[in-house]
$ cat input11.txt   # compact mmCIF, C-alpha atoms
# COMPACT_ATOMS: atom_id res chain seq x y z
CA MET A 162 69.24 80.88 138.83
CA THR A 163 69.67 80.34 135.09
CA GLN A 164 71.55 77.25 134.02
CA ILE A 165 74.84 78.39 132.49
CA THR A 166 74.96 75.85 129.71
CA ASP A 167 74.65 77.91 126.55
CA ARG A 168 77.61 79.74 125.15
CA LYS A 169 75.87 83.08 124.79
CA THR A 170 75.13 83.21 128.53
CA TRP A 171 78.63 82.36 129.66
CA LEU A 172 80.29 84.71 127.15
CA GLY A 173 78.04 87.48 128.49
CA LEU A 174 79.04 86.69 132.07
CA LEU A 175 82.74 86.65 131.16
CA ALA A 176 82.45 89.93 129.25
CA ARG A 177 80.93 91.75 132.23
CA ALA A 178 83.13 90.24 134.96
CA PRO A 179 85.10 92.72 137.10
CA GLN A 180 88.78 93.14 136.28
CA GLY A 181 90.99 90.25 137.39
CA ARG A 182 88.04 88.19 138.64
CA ILE A 183 88.11 85.50 135.92
CA ALA A 184 91.81 84.77 136.41
CA ALA A 185 91.29 84.62 140.19
CA LEU A 186 88.44 82.12 139.84
CA LEU A 187 90.37 80.13 137.23
CA THR A 188 93.04 79.26 139.81
CA GLY A 189 90.39 77.14 141.53
CA VAL A 190 90.17 74.82 138.51
CA GLY A 191 93.61 73.32 139.06
CA THR A 192 95.80 72.22 136.18
CA ILE A 193 94.79 73.95 132.94
CA PRO A 194 96.03 72.70 129.56
CA GLN A 195 98.51 74.98 127.82
CA ALA A 196 96.65 77.06 125.21
CA THR A 197 98.14 78.56 122.06
CA ASP A 198 97.16 82.03 120.87
CA LEU A 199 95.22 82.22 117.61
CA ARG A 200 94.72 85.95 118.03
CA ARG A 201 96.72 87.69 120.68
CA PRO A 202 94.84 90.04 123.02
CA GLU A 203 94.08 93.31 121.26
CA ALA A 204 92.10 96.33 122.41
CA GLY A 205 89.61 98.14 120.23
CA SER A 206 86.32 99.93 120.45
CA VAL A 207 82.82 98.77 119.63
CA MET A 208 79.67 100.79 119.11
CA VAL A 209 77.03 99.91 121.68
CA GLN A 210 73.49 100.17 120.40
CA GLY A 211 70.39 100.69 122.48
CA ARG A 212 66.65 100.55 121.93
CA ALA A 213 64.32 102.98 123.68
CA GLY A 214 62.08 100.89 125.92
CA ALA A 215 63.89 97.83 124.52
CA THR A 216 61.46 97.82 121.58
CA GLY A 217 62.14 100.99 119.56
CA ASN A 218 64.56 101.50 116.71
CA ALA A 219 68.22 100.86 117.47
CA PHE A 220 70.30 103.97 118.13
CA ASN A 221 74.00 104.35 118.80
CA LEU A 222 74.44 104.74 122.54
CA GLY A 223 78.20 105.26 122.47
CA GLU A 224 81.52 103.57 121.99
CA MET A 225 83.17 101.39 124.59
CA THR A 226 86.61 99.85 124.85
CA VAL A 227 86.72 96.12 124.36
CA THR A 228 89.64 93.69 124.41
CA ARG A 229 89.42 90.42 122.54
CA CYS A 230 91.50 87.28 122.34
CA SER A 231 91.23 83.83 120.76
CA VAL A 232 93.04 80.73 121.99
CA GLN A 233 93.17 77.09 121.05
CA LEU A 234 93.49 74.25 123.55
CA PRO A 235 95.60 71.14 122.81
CA CYS A 236 92.40 69.11 122.22
CA GLY A 237 91.42 71.48 119.40
CA ALA A 238 88.69 73.47 121.18
CA VAL A 239 88.76 77.16 120.24
CA GLY A 240 87.85 79.80 122.80
CA HIS A 241 87.00 83.43 122.10
CA GLY A 242 87.06 86.09 124.79
CA TYR A 243 85.64 89.60 124.58
CA VAL A 244 85.83 91.68 127.76
CA GLN A 245 85.07 95.28 128.59
CA GLY A 246 88.09 97.49 129.27
CA ARG A 247 91.66 97.07 128.09
CA SER A 248 92.91 94.27 130.29
CA GLN A 249 94.76 91.79 128.09
CA SER A 250 95.04 89.18 130.84
CA ASP A 251 91.26 89.30 131.34
CA ALA A 252 90.61 88.78 127.63
CA ARG A 253 92.94 85.80 127.57
CA ALA A 254 91.39 84.32 130.73
CA ALA A 255 87.90 84.74 129.23
CA ALA A 256 88.99 82.99 126.02
CA LEU A 257 90.55 80.21 128.06
CA VAL A 258 87.32 79.70 130.06
CA ASP A 259 85.25 79.71 126.85
CA GLY A 260 87.54 77.04 125.41
CA LEU A 261 87.54 74.92 128.58
CA LEU A 262 83.75 74.99 128.76
CA GLN A 263 83.70 73.09 125.45
CA THR A 264 85.92 70.28 126.76
CA ASP A 265 85.68 67.44 129.30
CA LEU A 266 86.64 69.92 132.03
CA ALA A 267 83.39 71.84 131.44
CA ASP A 268 81.66 70.74 134.69
CA LEU A 269 84.70 71.62 136.78
CA VAL A 270 85.09 75.03 135.13
CA ARG A 271 81.37 75.71 135.38
CA ALA A 272 81.44 75.07 139.13
CA ALA A 273 84.62 77.05 139.71
CA VAL A 274 84.13 80.03 137.38
CA THR A 275 80.80 80.63 135.72
CA VAL A 276 78.48 79.70 138.60
CA PRO A 277 80.25 82.08 141.03
CA LEU A 278 80.34 84.76 138.31
CA ALA A 279 76.59 84.39 137.74
CA ALA A 280 75.95 84.61 141.50
CA GLU A 281 78.06 87.75 141.77
CA ALA A 282 76.34 89.32 138.78
CA ALA A 283 72.93 88.54 140.30
CA SER A 284 73.89 90.02 143.67
CA ARG A 285 75.27 93.15 141.98
CA GLN A 286 72.00 93.54 140.14
CA GLN A 287 69.97 92.98 143.33
CA ALA A 288 72.04 95.50 145.28
CA ARG A 289 71.49 98.05 142.53
CA ALA A 290 67.77 97.33 142.37
CA ALA A 291 67.49 97.60 146.19
CA LYS A 292 69.33 100.93 146.12
CA ALA A 293 66.96 102.22 143.47
CA ALA A 294 63.93 100.84 145.33
CA ALA A 295 64.94 102.75 148.49
CA THR A 296 64.51 106.03 146.64
CA ARG A 297 61.06 105.16 145.36
CA VAL A 298 58.36 107.75 146.13
CA GLU A 299 54.75 106.72 146.73
CA PHE A 300 52.21 109.32 145.67
CA PHE A 301 48.81 109.33 147.34
CA THR A 302 45.91 111.75 147.74
CA LEU A 303 44.21 112.48 151.05
CA VAL A 304 40.45 112.26 151.02
CA ARG A 305 39.24 115.79 151.59
CA GLY A 306 35.78 114.79 152.72
CA GLU A 307 33.89 117.23 150.51
CA ASP A 308 31.76 114.60 148.81
CA MET B 130 85.02 76.65 111.47
CA ASP B 131 88.02 74.64 110.37
CA ASN B 132 91.31 74.78 112.19
CA ALA B 133 93.45 76.09 109.32
CA ALA B 134 91.06 79.02 108.90
CA LEU B 135 91.81 80.17 112.45
CA GLN B 136 95.58 79.85 112.34
CA GLY B 137 98.18 81.73 110.38
CA GLY B 138 97.86 85.25 111.77
CA PHE B 139 100.80 87.48 112.71
CA ILE B 140 102.71 86.16 115.74
CA ASP B 141 103.61 89.68 116.90
CA PRO B 142 101.01 91.82 115.09
CA ALA B 143 102.47 95.30 115.61
CA ARG B 144 106.06 94.54 114.55
CA ASP B 145 105.26 91.91 111.92
CA ALA B 146 102.70 94.15 110.24
CA ALA B 147 105.16 97.08 110.23
CA ARG B 148 107.81 94.91 108.54
CA ALA B 149 105.27 93.61 106.04
CA PHE B 150 104.06 97.12 105.26
CA ARG B 151 107.65 98.21 104.65
CA ALA B 152 108.18 95.35 102.17
CA GLY B 153 104.91 96.12 100.36
CA MET B 154 105.77 99.81 100.22
CA GLU B 155 109.30 99.17 98.90
CA ALA B 156 107.90 96.89 96.21
CA MET B 157 105.47 99.59 95.07
CA ALA B 158 108.04 102.41 95.33
CA CYS B 159 110.65 100.55 93.26
CA PRO B 160 108.67 98.70 90.59
CA GLY B 161 110.42 95.59 89.35
CA THR B 162 112.25 94.81 92.57
CA ILE B 163 111.32 91.58 94.31
CA GLN B 164 110.84 91.77 98.07
CA THR B 165 110.44 89.04 100.65
CA LEU B 166 107.15 89.14 102.51
CA ASN B 167 106.10 86.60 105.11
CA GLY B 168 104.48 86.27 108.53
CA CYS B 169 100.98 85.02 107.74
CA VAL B 170 99.77 81.70 106.36
CA ALA B 171 96.35 81.41 104.73
CA PRO B 172 94.69 78.19 103.59
CA ALA B 173 95.79 76.89 100.16
CA PRO B 174 95.95 78.02 97.41
CA MET B 175 96.74 81.50 98.71
CA SER B 176 100.46 82.26 98.88
CA VAL B 177 102.26 83.44 102.02
CA ALA B 178 103.04 86.81 100.46
CA ALA B 179 99.41 87.43 99.42
CA ALA B 180 98.13 86.41 102.86
CA THR B 181 100.63 88.67 104.61
CA LEU B 182 99.84 91.61 102.33
CA LEU B 183 96.11 91.18 102.93
CA ALA B 184 96.62 90.95 106.69
CA THR B 185 98.64 94.17 106.53
CA LEU B 186 96.38 96.24 104.27
CA CYS B 187 92.83 94.93 104.81
CA ASP B 188 90.39 95.42 107.63
CA ALA B 189 86.64 95.80 108.07
CA GLU B 190 86.62 98.93 105.88
CA THR B 191 88.35 97.53 102.80
CA PRO B 192 86.05 95.44 100.58
CA LEU B 193 87.90 92.41 99.21
CA HIS B 194 87.21 90.29 96.13
CA LEU B 195 88.37 86.67 96.08
CA ALA B 196 88.73 85.45 92.52
CA GLY B 197 88.85 81.96 91.04
CA THR B 198 90.63 79.27 93.03
CA CYS B 199 91.21 81.66 95.95
CA ASP B 200 87.46 81.78 96.56
CA THR B 201 87.15 78.70 98.78
CA ASP B 202 85.22 78.28 102.03
CA MET B 203 88.48 77.90 103.92
CA VAL B 204 89.91 81.16 102.57
CA ARG B 205 86.61 82.93 103.22
CA ASP B 206 86.69 81.76 106.85
CA TRP B 207 90.31 82.85 107.17
CA VAL B 208 89.46 86.31 105.84
CA ARG B 209 86.47 86.55 108.17
CA PHE B 210 88.48 85.66 111.28
CA HIS B 211 91.77 87.45 110.60
CA LEU B 212 90.76 90.47 108.51
CA GLY B 213 87.03 91.00 108.92
CA ALA B 214 87.01 92.46 105.41
CA PRO B 215 83.65 92.36 103.58
CA LEU B 216 83.74 89.99 100.59
CA VAL B 217 82.33 91.70 97.49
CA GLY B 218 82.18 91.51 93.71
CA ARG B 219 84.71 93.10 91.36
CA SER B 220 83.12 96.52 91.00
CA ASP B 221 82.99 97.21 94.77
CA ALA B 222 86.40 95.81 95.63
CA MET B 223 89.32 97.89 96.92
CA PHE B 224 91.50 94.78 96.83
CA ALA B 225 91.17 91.67 94.70
CA VAL B 226 93.27 88.53 94.92
CA GLY B 227 93.54 85.54 92.57
CA ASP B 228 95.43 84.33 89.53
CA TRP B 229 95.52 86.41 86.38
CA ASP B 230 92.95 84.38 84.43
CA ALA B 231 90.44 84.65 87.28
CA LEU B 232 91.04 88.38 87.83
CA SER B 233 90.81 89.48 84.18
CA PRO B 234 89.12 91.19 82.40
CA LEU B 235 89.85 94.43 84.21
CA ASP B 236 86.86 96.47 83.00
CA ALA B 237 84.79 95.99 86.15
CA TYR B 238 87.37 97.19 88.70
CA ALA B 239 87.32 100.71 90.10
CA VAL B 240 89.96 103.01 88.55
CA GLY B 241 89.23 106.02 90.77
CA THR B 242 87.71 109.34 89.83
CA PRO B 243 89.50 112.47 88.56
CA ASP B 244 88.95 114.10 91.96
CA TYR B 245 89.90 110.98 93.94
CA PRO B 246 92.24 108.80 91.84
CA ASP B 247 93.08 106.84 95.00
CA ARG B 248 89.63 105.27 95.03
CA SER B 249 90.83 102.54 92.74
CA ALA B 250 91.29 98.80 93.10
CA THR B 251 94.61 97.13 93.91
CA LEU B 252 94.96 93.70 92.34
CA ILE B 253 97.06 91.01 93.99
CA VAL B 254 97.95 88.59 91.22
CA GLU B 255 99.14 85.14 92.23
CA VAL B 256 101.80 84.02 89.73
CA VAL B 257 103.59 80.67 89.37
CA ALA B 258 106.97 82.30 88.77
CA LEU B 259 108.33 85.71 89.68
CA THR B 260 111.67 86.63 88.13
CA ASN B 261 113.55 89.71 86.93
CA GLU B 262 113.19 88.87 83.26
CA GLY B 263 110.51 89.51 80.68
CA ALA B 264 108.83 92.89 80.28
CA THR B 265 110.97 96.03 80.41
CA LEU B 266 109.71 98.62 82.87
CA THR B 267 110.46 102.35 83.01
CA GLY B 268 109.07 105.18 85.09
CA PRO B 269 109.24 106.73 88.59
CA GLY B 270 111.21 104.63 91.08
CA ILE B 271 113.29 102.95 88.34
CA ALA B 272 116.80 104.31 87.68
CA GLN B 273 117.15 103.19 84.05
CA THR B 274 115.04 100.17 83.26
CA ALA B 275 113.86 97.15 85.25
CA LYS B 276 112.69 93.76 84.12
CA LEU B 277 109.87 91.73 85.60
CA SER B 278 108.00 88.61 84.53
CA LEU B 279 104.38 89.69 83.99
CA PRO B 280 101.35 87.54 83.22
CA GLY B 281 100.65 87.38 79.49
CA GLY B 282 98.30 90.08 78.28
CA LEU B 283 98.52 92.21 81.41
CA LEU B 284 100.28 95.18 79.83
CA ALA B 285 97.72 95.32 77.03
CA ALA B 286 94.74 94.96 79.37
CA ARG B 287 95.97 97.61 81.82
CA VAL B 288 93.85 100.72 82.00
CA VAL B 289 96.14 103.73 81.74
CA ARG B 290 94.21 106.95 81.87
CA TYR B 291 96.62 108.56 84.28
CA PRO B 292 95.99 109.54 87.07
CA LEU B 293 93.25 106.91 86.92
CA GLY B 294 94.24 103.26 86.87
CA ILE B 295 94.74 100.02 88.71
CA ASP B 296 97.82 99.06 90.73
CA PHE B 297 99.16 95.51 90.76
CA TYR B 298 101.03 93.32 93.19
CA PHE B 299 102.47 90.00 92.04
CA THR B 300 102.95 87.30 94.64
CA CYS B 301 104.69 83.95 94.41
CA GLY B 302 105.43 82.01 97.60
CA ASP B 303 106.92 84.55 100.00
CA ARG B 304 108.09 86.95 97.27
CA ILE B 305 106.34 90.05 96.04
CA ALA B 306 106.78 92.66 93.31
CA ALA B 307 104.57 95.51 92.15
CA LEU B 308 103.49 97.39 89.06
CA PRO B 309 101.94 100.77 89.92
CA ARG B 310 99.95 102.73 87.36
CA THR B 311 102.87 105.17 86.85
CA THR B 312 105.12 102.48 85.40
CA LYS B 313 105.36 102.06 81.65
CA GLY B 314 105.99 98.57 80.36
CA ALA B 315 107.05 97.09 77.04
CA HIS B 316 107.84 93.60 75.89
$ encode --input "input11.txt" --output "structure tokens"
Amino acid sequence: MTQITDRKTWLGLLARAPQGRIAALLTGVGTIPQATDLRRPEAGSVMVQGRAGATGNAFNLGEMTVTRCSVQLPCGAVGHGYVQGRSQSDARAAALVDGLLQTDLADLVRAAVTVPLAAEAASRQQARAAKAAATRVEFFTLVRGED
Amino acid sequence: MDNAALQGGFIDPARDAARAFRAGMEAMACPGTIQTLNGCVAPAPMSVAAATLLATLCDAETPLHLAGTCDTDMVRDWVRFHLGAPLVGRSDAMFAVGDWDALSPLDAYAVGTPDYPDRSATLIVEVVALTNEGATLTGPGIAQTAKLSLPGGLLAARVVRYPLGIDFYFTCGDRIAALPRTTKGAH
């Protein structure tokens, strides 16, 4: 499994987490410092771009709803959360986790939140891949024995 | 990014922005009246009223020009985090903020086109004092006459090719007044 130590990876995991999952995992951390809101949770839409075959020119795939939030912890660390959907509590929880991962509590939060999230994301992906693999069709040609 | 650049947004964005918009609109509708406008705090030297007005009117689709002493790294970071407005030069700006010496001359700002006179720049002029004395103003929104302290040379420099022109806000602390292009002024 990838080591969840860079911010890009953990922000990606938090953004894709199922609704309510981050807050549920966060209860396992224990006492969390009180965070102040820099930007209260707000919903908006972003344009998602795609690339054909992951290499072609970027095209606009479609808009999706995103909720974002920014918080500041008492120690000064600033956390930003962007999550899919319009759940304000999820956006705040994601921002809180992002902030905590920059503090002394990082190891604790990593073990309680991001590692389980990564495992769940991997199993979701595997389940999807297995489902797709089950529908795979093998084409073959019978030797007709004419030659 | 520094701490002050991240703080100072609206506490309750929907209600605070509605109140701020009302104050900005009243100021523009009744030129010469001084309104109170607060809710946002930007890094120095930007005033509370200018910061609140920007937070109310600007977003990612309104190019903003920071002039003179307002053009600091801290203010740029604040704009990037709270507004997301692109920072541009004078000719592309829909809004410009700074003191009068930094904003003038006015030649480069957009004054709109005959078909779209609204495509003009709005200048937010930071002034050291804002009082109801000085230039005499007449025009729509003013019953008889109004008086407002204007920066020296502003009335002469103003482009008035109605309906083309530039609209002005004047900010000082948490107070704001306006001078739309329809208002005639005399010393």
$ atom_distance --input "input11.txt" --atom1 "atom CA of A:Leu175" --atom2 "atom CA of A:Gln195"
19.9 Å
$ interface_residues --input "input11.txt" --of "chain B" --to "chain A" --cutoff "10 Å" --atoms "all atoms listed in the file" --output "list in words"
Met130, Asn132, Leu135, Gln136, Gly137, Gly138, Phe139, Ile140, Asp141, Pro142, Phe210 and His211 of chain B
$ closest_atom_pairs --input "input11.txt" --of "stretch 185-244 of chain A" --to "stretch 272-287 of chain A" --cutoff "9 Å" --atoms "only C-alpha atoms" --output "CSV"
residue,atom,partner,partner_atom,distance
A:Ala185,CA,A:Val274,CA,9.0
A:Leu186,CA,A:Val274,CA,5.4
A:Leu187,CA,A:Val274,CA,6.2
A:Thr188,CA,A:Ala273,CA,8.7
A:Gly189,CA,A:Ala273,CA,6.1
A:Val190,CA,A:Ala273,CA,6.1
$ residues_near_point --input "input11.txt" --point "(77.4, 97.6, 119.6)" --cutoff "10 Å" --atoms "only C-alpha atoms" --output "list in words"
Ser206, Val207, Met208, Val209, Gln210, Gly211, Ala219, Phe220, Asn221, Leu222, Gly223, Glu224 and Met225 of chain A
$ write_last_selection --input "input11.txt" --atoms "C-alpha atoms" --output "PDB file, keeping the file's coordinate frame"
ATOM      1  CA  SER A 206      86.320  99.930 120.450  1.00  0.00           C
ATOM      2  CA  VAL A 207      82.820  98.770 119.630  1.00  0.00           C
ATOM      3  CA  MET A 208      79.670 100.790 119.110  1.00  0.00           C
ATOM      4  CA  VAL A 209      77.030  99.910 121.680  1.00  0.00           C
ATOM      5  CA  GLN A 210      73.490 100.170 120.400  1.00  0.00           C
ATOM      6  CA  GLY A 211      70.390 100.690 122.480  1.00  0.00           C
ATOM      7  CA  ALA A 219      68.220 100.860 117.470  1.00  0.00           C
ATOM      8  CA  PHE A 220      70.300 103.970 118.130  1.00  0.00           C
ATOM      9  CA  ASN A 221      74.000 104.350 118.800  1.00  0.00           C
ATOM     10  CA  LEU A 222      74.440 104.740 122.540  1.00  0.00           C
ATOM     11  CA  GLY A 223      78.200 105.260 122.470  1.00  0.00           C
ATOM     12  CA  GLU A 224      81.520 103.570 121.990  1.00  0.00           C
ATOM     13  CA  MET A 225      83.170 101.390 124.590  1.00  0.00           C
TER      14      MET A 225
END
$ residues_around --input "input11.txt" --residues "B:Thr311" --least-positions-apart "6" --cutoff "10 Å" --atoms "all atoms listed in the file" --output "list in words"
Pro160, Thr267, Gly268, Pro269, Gly270, Val289, Tyr291, Pro292, Leu293, Gly294, Ile295 and Asp296 of chain B
$ write_last_selection --input "input11.txt" --atoms "C-alpha atoms" --output "JSON list (two decimals), in the frame of the given file"
[["chain", "number", "residue", "atom", "x", "y", "z"],
["B", 160, "PRO", "CA", 108.67, 98.70, 90.59],
["B", 267, "THR", "CA", 110.46, 102.35, 83.01],
["B", 268, "GLY", "CA", 109.07, 105.18, 85.09],
["B", 269, "PRO", "CA", 109.24, 106.73, 88.59],
["B", 270, "GLY", "CA", 111.21, 104.63, 91.08],
["B", 289, "VAL", "CA", 96.14, 103.73, 81.74],
["B", 291, "TYR", "CA", 96.62, 108.56, 84.28],
["B", 292, "PRO", "CA", 95.99, 109.54, 87.07],
["B", 293, "LEU", "CA", 93.25, 106.91, 86.92],
["B", 294, "GLY", "CA", 94.24, 103.26, 86.87],
["B", 295, "ILE", "CA", 94.74, 100.02, 88.71],
["B", 296, "ASP", "CA", 97.82, 99.06, 90.73]]
$ residues_around --input "input11.txt" --residues "B:Ala306" --least-positions-apart "4" --cutoff "9 Å" --atoms "all atoms listed in the file" --output "mmCIF file with C-alpha atoms, keeping the file's coordinate frame"
data_model
loop_
_atom_site.group_PDB
_atom_site.id
_atom_site.type_symbol
_atom_site.label_atom_id
_atom_site.label_comp_id
_atom_site.auth_asym_id
_atom_site.auth_seq_id
_atom_site.Cartn_x
_atom_site.Cartn_y
_atom_site.Cartn_z
ATOM 1 C CA GLY B 153 104.910 96.120 100.360
ATOM 2 C CA GLU B 155 109.300 99.170 98.900
ATOM 3 C CA ALA B 156 107.900 96.890 96.210
ATOM 4 C CA MET B 157 105.470 99.590 95.070
ATOM 5 C CA CYS B 159 110.650 100.550 93.260
ATOM 6 C CA PRO B 160 108.670 98.700 90.590
ATOM 7 C CA GLY B 161 110.420 95.590 89.350
ATOM 8 C CA THR B 162 112.250 94.810 92.570
ATOM 9 C CA ILE B 163 111.320 91.580 94.310
ATOM 10 C CA GLN B 164 110.840 91.770 98.070
ATOM 11 C CA THR B 165 110.440 89.040 100.650
ATOM 12 C CA LEU B 259 108.330 85.710 89.680
ATOM 13 C CA LEU B 277 109.870 91.730 85.600
ATOM 14 C CA PHE B 297 99.160 95.510 90.760
ATOM 15 C CA TYR B 298 101.030 93.320 93.190
ATOM 16 C CA PHE B 299 102.470 90.000 92.040
ATOM 17 C CA THR B 300 102.950 87.300 94.640
#
$ residues_near_point --input "input11.txt" --point "(101.5, 82.3, 104.6)" --cutoff "9 Å" --atoms "all atoms listed in the file" --output "number ranges by chain"
B: 137-138, 167-172, 175-181, 302-303
$ closest_residue --input "input11.txt" --among "B:Ala258, B:Ile305, B:Leu266, B:Leu284" --to "B:Arg151" --atoms "all atoms listed in the file"
B:Ile305
$ atom_distance --input "input11.txt" --atom1 "atom CA of B:Val226" --atom2 "atom CA of B:Leu252"
6.0 Å
$ build_atoms --input "input11.txt" --residues "stretch 241-256 of chain A" --atoms "N, CA and C atoms" --output "short mmCIF file (atom, residue, chain, number, x, y, z; two decimals), in the frame of the given file"
data_model
loop_
_atom_site.label_atom_id
_atom_site.label_comp_id
_atom_site.auth_asym_id
_atom_site.auth_seq_id
_atom_site.Cartn_x
_atom_site.Cartn_y
_atom_site.Cartn_z
N HIS A 241 86.94 82.00 122.42
CA HIS A 241 87.00 83.43 122.10
C HIS A 241 86.62 84.22 123.35
N GLY A 242 87.37 85.25 123.63
CA GLY A 242 87.06 86.09 124.79
C GLY A 242 86.94 87.55 124.39
N TYR A 243 85.84 88.16 124.76
CA TYR A 243 85.64 89.60 124.58
C TYR A 243 85.32 90.16 125.95
N VAL A 244 86.12 91.09 126.45
CA VAL A 244 85.83 91.68 127.76
C VAL A 244 85.83 93.20 127.66
N GLN A 245 85.07 93.83 128.57
CA GLN A 245 85.07 95.28 128.59
C GLN A 245 86.38 95.78 129.19
N GLY A 246 86.83 96.93 128.77
CA GLY A 246 88.09 97.49 129.27
C GLY A 246 89.26 97.07 128.40
N ARG A 247 90.47 97.37 128.90
CA ARG A 247 91.66 97.07 128.09
C ARG A 247 92.62 96.11 128.80
N SER A 248 92.05 95.23 129.61
CA SER A 248 92.91 94.27 130.29
C SER A 248 93.15 93.06 129.40
N GLN A 249 94.42 92.89 128.98
CA GLN A 249 94.76 91.79 128.09
C GLN A 249 94.68 90.46 128.80
N SER A 250 95.08 90.45 130.11
CA SER A 250 95.04 89.18 130.84
C SER A 250 93.59 88.72 131.03
N ASP A 251 92.68 89.66 131.21
CA ASP A 251 91.26 89.30 131.34
C ASP A 251 90.73 88.69 130.05
N ALA A 252 91.09 89.28 128.92
CA ALA A 252 90.61 88.78 127.63
C ALA A 252 91.11 87.36 127.40
N ARG A 253 92.37 87.13 127.76
CA ARG A 253 92.94 85.80 127.57
C ARG A 253 92.27 84.80 128.51
N ALA A 254 92.05 85.21 129.76
CA ALA A 254 91.39 84.32 130.73
C ALA A 254 89.97 83.98 130.26
N ALA A 255 89.27 84.97 129.71
CA ALA A 255 87.90 84.74 129.23
C ALA A 255 87.91 83.75 128.06
N ALA A 256 88.88 83.91 127.16
CA ALA A 256 88.99 82.99 126.02
C ALA A 256 89.30 81.58 126.49
#
